[in-house]
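Have a look at the structure below, then the notes.
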Amino acid sequence: MIELGTTTIKNRVDEFTLNEFQTITSILADESLDKIEQWVKVFVFLGADENEVDGLDFSEFKEYVKQWNENQPNLENTFLKSFDLNGYTYQAYENEFKLNVKDLKHIEKIIKQKPSAYILDVMAIIFKRTDLSSAEHYTESHLKHKAKLFKDLDASICIPYINYIGQKISNTATQLDAVTEVVE
């Protein structure tokens with residue numbers, strides 16, 4: 001938490017819910033806003049008084065942005081294997097986290113549909129309810145239901161997965177482009 005004027009606001013990913021984190025990333029990815037507007041919206045979303053933020057000297061404002069970005073936990077390699085929610089177990093992997101083609105296909109589609117608001121949907125694809133079949137897991141209604149269920153989970157669980165997916169999709173596109181060039 002940081003003090004922004006007279007308000008204490010969250011600043012660490014492990015203080016946010018998945019829904020809050022998705023909202024923040026959506027604001028920061030909104031290209032219709034300039035950088036200052038993005039940060040004002042983030043601070044106001046987190047509870048800061050808009051008039052107080054607007055009245056800050058720019059050097060103070062920059063310091064708050066810097067403070068907000070500092071002291072993040074190192075979560076890059078901390079893949080949560082499973083968790084229990086409402087009496088069900090949701091599992092991302094058994095031995096080692098890997099994405100299959102079906103998961104990547106669904107994730108890539110979600111990211112294209114919602115380029116700045118995909119975190120909840122991606123987590124719904126990754127974490128599968130252990131008592132359901134693969135066919136049941138991928139139904140649109142089930143994925144939407146899980147995205148709603150997961151909104152209040154600790155956002156820190158998504159960081160390693162989002163980083164991994166970003167790298168995997170980028171590498172996959174490069175590799176497929178290379179294979180396509182060889183075939184042609």
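The way I read the labels, and the way they are meant: chains A, B, ... in the order of the structure tokens, residue 1 as the first residue of every chain, and ligand 1 as the first ligand shown, with later ones counted on from there.
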8 Å contact set for Asn19 in chain A, only C-alpha atoms, chain neighbours under 6 positions out, as a PDB file with C-alpha atoms, in the first residue's frame:
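After the write, result.pdb holds the following:
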ATOM      1  CA  LEU A 120      -9.991 -13.677 -16.072  1.00  0.00           C
ATOM      2  CA  LYS A 151     -12.743 -12.493 -10.093  1.00  0.00           C
ATOM      3  CA  ASP A 152     -12.086 -12.252  -6.351  1.00  0.00           C
ATOM      4  CA  ALA A 155      -4.154 -11.505  -8.650  1.00  0.00           C
TER       5      ALA A 155
END
Give me, as an mmCIF file with C-alpha atoms, in the first residue's frame, all polymer residues having an atom no more than 12 Å from Ala117 in chain A, counting only C-alpha atoms and skipping those fewer than 5 positions away in the same chain.
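In the end it all went to selection-v1.cif:
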data_model
loop_
_atom_site.group_PDB
_atom_site.id
_atom_site.type_symbol
_atom_site.label_atom_id
_atom_site.label_comp_id
_atom_site.auth_asym_id
_atom_site.auth_seq_id
_atom_site.Cartn_x
_atom_site.Cartn_y
_atom_site.Cartn_z
ATOM 1 C CA LEU A 18 -7.952 -10.736 -10.435
ATOM 2 C CA ASN A 19 -10.817 -8.435 -11.391
ATOM 3 C CA GLU A 20 -9.059 -5.344 -10.011
ATOM 4 C CA PHE A 21 -5.812 -6.300 -11.723
ATOM 5 C CA GLN A 22 -7.608 -6.827 -15.036
ATOM 6 C CA THR A 23 -9.262 -3.410 -14.703
ATOM 7 C CA ILE A 24 -5.912 -1.756 -13.968
ATOM 8 C CA THR A 25 -4.204 -3.451 -16.914
ATOM 9 C CA SER A 26 -7.140 -2.431 -19.134
ATOM 10 C CA ILE A 27 -6.787 1.198 -18.089
ATOM 11 C CA LEU A 28 -3.018 1.158 -18.645
ATOM 12 C CA ALA A 29 -3.508 -0.439 -22.086
ATOM 13 C CA ASP A 30 -6.184 2.042 -23.191
ATOM 14 C CA ILE A 110 -9.635 -14.530 -26.182
ATOM 15 C CA ILE A 111 -6.645 -12.180 -26.411
ATOM 16 C CA LYS A 112 -7.690 -11.122 -29.924
ATOM 17 C CA VAL A 122 -7.328 -16.922 -19.607
ATOM 18 C CA MET A 123 -7.269 -18.096 -16.003
ATOM 19 C CA ALA A 147 -14.203 -16.244 -15.028
#
What lies within 10 Å of Cys158 in chain A using only C-alpha atoms, ignoring chain neighbours under 2 positions off, as a list in words?
-> Val13, Leu18, Phe21, Leu75, Glu76, Thr78, Phe79, Leu80, Ile119, Leu120, Val122, Met123, Ile126, Leu153, Asp154, Ala155, Ser156, Pro160, Tyr161, Ile162, Asn163 and Tyr164 of chain A
Contact residues around Lys66 in chain A with only C-alpha atoms at 12 Å, ignoring same-chain residues under 6 positions, as JSON, numbers by chain | {"A": [2, 4, 11, 39, 59, 60, 72]}
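Note that CA of Leu132 in chain A and CA of Gly87 in chain A are 13.4 Å apart.
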